[in-house]
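Worksheet: the structure to be examined is printed underneath.
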Amino acid sequence: MNIFDILGPVMVGPSSSHTAGAARIGYITRKLLGSRPKKARIGLSGSFAATGRGHGTDRALVAGLLGMKPDDMRIPDSFSVAKQEGLEFEIYNTQIKEAHPNTALLDVEGVDGKTIVVQASSLGGGRIMLNELDEITVNCTGACPTLIIRNEDSPGQVAEVTSVLYGKKVNIATLQLHRDKRGGYAVMVIETDQPVEPDTIRDLERLNGISKVTYIETEGV
């Protein structure tokens with residue numbers, strides 16, 4: 001146990017799981033989208049659906065989509081901020097089978113037309129788990145520097161990505177591979193021991209077969 005486990009995250013309350021965790025889910029979803037959101041459908045499942053509105057879960061998720069972090073004092077006013085910034089959103093209750101009690105499903109469209117569907121859960125203490133990305137299992141926490149790479153499911157993709165990281169002296173802590181079907185759409189989730197520099201991300205984006213590279217930093221998120 002460390003001091004974070006005792007005191008919890010720096011946040012706008014009232015709940016580290018229902019508020020701080022929810023804000024972080026929204027914030028990382030925005031980063032995964034890669035642009036400013038203009039439309040969002042937000043499903044609340046389990047405890048999020050039962051008590052989330054009382055804990056400000058709905059406002060925290062919207063705040064995260066607006067780029068607010070868990071300690072942003074504007075979180076309680078996120079609905080009005082969303083209106084000012086042109087973010088249309090719908091919040092509804094849903095049931096996701098076998099999901100963590102504190103789970104949200106975010107279907108988001110950006111101003112550039114890109115879309116993303118993220119299923120994520122809040123584990124307590126402000127910690128989260130990204131469960132699915134566009135209906136593909138990813139199961140990562142973002143607790144350390146993380147690359148989420150969307151690519152064609154073709155031979156050599158993993159070798160090319162890991163070669164780039166090796167050349168940049170980036171050590172891989174964990175690597176997960178997920179795909180929707182053989183030869184279809186795939187995702188690599190790579191947690192690293194060091195921060196990943198922008199030039200490394202650009203080199204990865206230039207590889208054949210890579211459709212998108214998203215980097216999740218840990219500092220201040």
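Letters for chains follow the order of the structure tokens (A, B, ...), residue numbers begin at 1 for each chain, and ligand numbers begin at 1 in the order shown.
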For the structure I just gave you, how does DSSP split region 70-145 of chain A - specifically, which residues are alpha helix (DSSP H)? Reply as a ChimeraX atom specification.
/A:78-85
List every residue of region 134-187 of chain A that DSSP, applied to the backbone of this structure, assigns to strand (DSSP E or B), and report them as an MDAnalysis selection string.
chainID A and resid 136:140 146:152 172:179 185:187
Residues within 7 Å of Tyr215 (chain A), please, as a PyMOL selection string. Count only C-alpha atoms; anything in the same chain fewer than 2 positions from it doesn't count.
chain A and resi 146-148+213+217
What separation in Å, quoted to one decimal, exists between CA of Gly46 (chain A) and CA of Gln176 (chain A)?
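Spanning CA of Gly46 (chain A) to CA of Gln176 (chain A) is a straight-line distance of 27.0 Å.
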Using only C-alpha atoms, determine which residues lie at most 6 Å from region 58-66 of chain A, disregarding the query and same-chain residues fewer than 3 positions distant; provide the list as a ChimeraX atom specification.
/A:19,22-23,26-27,30,53,75,78
Go ahead and dump the residues you just picked, all heavy atoms, as a CSV table (one decimal), in the first residue's frame.
chain,number,residue,atom,x,y,z
A,19,THR,N,-16.8,9.4,-9.8
A,19,THR,CA,-16.5,10.7,-10.3
A,19,THR,C,-15.1,10.8,-10.9
A,19,THR,O,-15.0,11.1,-12.1
A,19,THR,CB,-16.7,11.8,-9.2
A,19,THR,OG1,-17.8,11.5,-8.4
A,19,THR,CG2,-16.8,13.2,-9.8
A,22,ALA,N,-14.7,8.2,-13.6
A,22,ALA,CA,-15.5,8.5,-14.7
A,22,ALA,C,-14.9,9.6,-15.6
A,22,ALA,O,-14.9,9.6,-16.8
A,22,ALA,CB,-16.9,8.9,-14.3
A,23,ALA,N,-14.4,10.6,-14.9
A,23,ALA,CA,-13.7,11.7,-15.6
A,23,ALA,C,-12.5,11.2,-16.4
A,23,ALA,O,-12.3,11.6,-17.6
A,23,ALA,CB,-13.3,12.8,-14.6
A,26,GLY,N,-13.7,9.5,-19.6
A,26,GLY,CA,-14.0,10.4,-20.6
A,26,GLY,C,-12.8,11.1,-21.2
A,26,GLY,O,-12.7,11.2,-22.5
A,27,TYR,N,-11.8,11.4,-20.4
A,27,TYR,CA,-10.6,12.1,-20.8
A,27,TYR,C,-9.8,11.2,-21.8
A,27,TYR,O,-9.4,11.6,-22.9
A,27,TYR,CB,-9.8,12.4,-19.6
A,27,TYR,CG,-8.5,13.2,-20.0
A,27,TYR,CD1,-8.5,14.6,-20.1
A,27,TYR,CD2,-7.3,12.5,-20.1
A,27,TYR,CE1,-7.4,15.3,-20.4
A,27,TYR,CE2,-6.1,13.2,-20.4
A,27,TYR,CZ,-6.2,14.6,-20.6
A,27,TYR,OH,-5.0,15.3,-20.8
A,30,ARG,N,-11.4,10.8,-25.2
A,30,ARG,CA,-11.1,11.9,-26.1
A,30,ARG,C,-9.8,11.7,-26.7
A,30,ARG,O,-9.6,12.0,-27.9
A,30,ARG,CB,-11.2,13.2,-25.2
A,30,ARG,CG,-10.9,14.5,-26.1
A,30,ARG,CD,-10.8,15.7,-25.2
A,30,ARG,NE,-10.4,16.9,-25.9
A,30,ARG,CZ,-11.2,17.9,-26.2
A,30,ARG,NH1,-12.4,17.9,-25.8
A,30,ARG,NH2,-10.7,19.0,-26.8
A,53,ARG,N,-25.8,9.1,-11.3
A,53,ARG,CA,-26.2,10.5,-11.4
A,53,ARG,C,-26.1,11.2,-10.1
A,53,ARG,O,-25.8,12.4,-10.0
A,53,ARG,CB,-27.7,10.6,-12.0
A,53,ARG,CG,-27.7,10.3,-13.5
A,53,ARG,CD,-29.1,10.3,-14.0
A,53,ARG,NE,-29.1,10.2,-15.5
A,53,ARG,CZ,-29.0,9.1,-16.2
A,53,ARG,NH1,-28.9,7.9,-15.5
A,53,ARG,NH2,-29.0,9.1,-17.5
A,75,ILE,N,-16.0,20.5,-13.4
A,75,ILE,CA,-16.7,19.2,-13.6
A,75,ILE,C,-18.2,19.3,-13.3
A,75,ILE,O,-19.1,18.8,-14.1
A,75,ILE,CB,-16.1,18.0,-12.8
A,75,ILE,CG1,-14.7,17.7,-13.5
A,75,ILE,CG2,-17.0,16.8,-12.7
A,75,ILE,CD1,-13.9,16.6,-12.8
A,78,SER,N,-20.2,20.7,-16.2
A,78,SER,CA,-19.8,20.2,-17.5
A,78,SER,C,-20.9,20.2,-18.5
A,78,SER,O,-20.6,20.4,-19.7
A,78,SER,CB,-19.2,18.8,-17.4
A,78,SER,OG,-20.2,17.9,-17.0
Using only C-alpha atoms, which residue out of A:Thr174, A:Thr137, A:Gln157, A:Ser163 lies closest to Thr200 (chain A)?
A:Ser163
Could you check how far CA of Gly126 (chain A) sits from CA of Ser45 (chain A), in Å to one decimal?
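Distance reported for this atom pair: 17.6 Å.
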Please compute the CA of Glu152 (chain A)-CA of Lys38 (chain A) distance, one decimal, in Å.
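One can read the CA of Glu152 (chain A) to CA of Lys38 (chain A) distance as 27.7 Å.
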Looking at only C-alpha atoms, which of A:Gly124, A:Gly52, A:Pro37, A:Gly184 is the one that sits closest to Glu88 (chain A)?
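Between A:Gly124, A:Gly52, A:Pro37, A:Gly184, the residue approaching Glu88 (chain A) most closely is A:Pro37.
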If we count only C-alpha atoms, what is near Pro155 (chain A) at a cut-off of 12 Å, once residues fewer than 5 positions away on the same chain are taken out, given as an mmCIF file with N, CA and C atoms, in the first residue's frame?
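Saved the output as out_38.cif:
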data_model
loop_
_atom_site.group_PDB
_atom_site.id
_atom_site.type_symbol
_atom_site.label_atom_id
_atom_site.label_comp_id
_atom_site.auth_asym_id
_atom_site.auth_seq_id
_atom_site.Cartn_x
_atom_site.Cartn_y
_atom_site.Cartn_z
ATOM 1 N N GLU A 160 7.522 -5.382 -37.018
ATOM 2 C CA GLU A 160 7.892 -4.039 -37.445
ATOM 3 C C GLU A 160 7.719 -3.031 -36.308
ATOM 4 N N VAL A 161 6.623 -3.146 -35.573
ATOM 5 C CA VAL A 161 6.372 -2.224 -34.458
ATOM 6 C C VAL A 161 7.429 -2.385 -33.367
ATOM 7 N N ARG A 182 -9.523 -13.307 -38.359
ATOM 8 C CA ARG A 182 -8.270 -13.533 -39.073
ATOM 9 C C ARG A 182 -8.229 -12.701 -40.352
ATOM 10 N N GLY A 183 -7.126 -11.931 -40.488
ATOM 11 C CA GLY A 183 -6.968 -11.103 -41.669
ATOM 12 C C GLY A 183 -7.781 -9.825 -41.645
ATOM 13 N N GLY A 184 -8.413 -9.530 -40.510
ATOM 14 C CA GLY A 184 -9.263 -8.346 -40.423
ATOM 15 C C GLY A 184 -8.597 -7.190 -39.693
ATOM 16 N N ALA A 186 -7.116 -5.437 -36.282
ATOM 17 C CA ALA A 186 -6.386 -5.884 -35.098
ATOM 18 C C ALA A 186 -5.934 -4.695 -34.250
ATOM 19 N N ASN A 208 3.611 0.509 -42.943
ATOM 20 C CA ASN A 208 2.522 -0.021 -43.761
ATOM 21 C C ASN A 208 1.581 -0.865 -42.901
ATOM 22 N N GLY A 209 0.295 -0.693 -43.132
ATOM 23 C CA GLY A 209 -0.698 -1.488 -42.416
ATOM 24 C C GLY A 209 -1.157 -0.903 -41.104
#
All residues 9 Å or closer to Glu90 (chain A), only C-alpha atoms, same chain fewer than 5 positions away omitted, as a list of chain:residue names
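Near neighbours after the sequence-gap exclusion: A:Lys39, A:Ala40, A:Arg41, A:Ile42, A:Gly43.
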Would you mind exporting the chosen residues as an mmCIF file, in the first residue's frame, restricted to C-alpha atoms?
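Okay, this is what ended up in again.cif:
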data_model
loop_
_atom_site.group_PDB
_atom_site.id
_atom_site.type_symbol
_atom_site.label_atom_id
_atom_site.label_comp_id
_atom_site.auth_asym_id
_atom_site.auth_seq_id
_atom_site.Cartn_x
_atom_site.Cartn_y
_atom_site.Cartn_z
ATOM 1 C CA LYS A 39 -21.535 14.000 -30.447
ATOM 2 C CA ALA A 40 -21.588 11.356 -27.720
ATOM 3 C CA ARG A 41 -23.906 8.587 -26.568
ATOM 4 C CA ILE A 42 -22.953 7.532 -23.040
ATOM 5 C CA GLY A 43 -24.354 4.324 -21.559
#
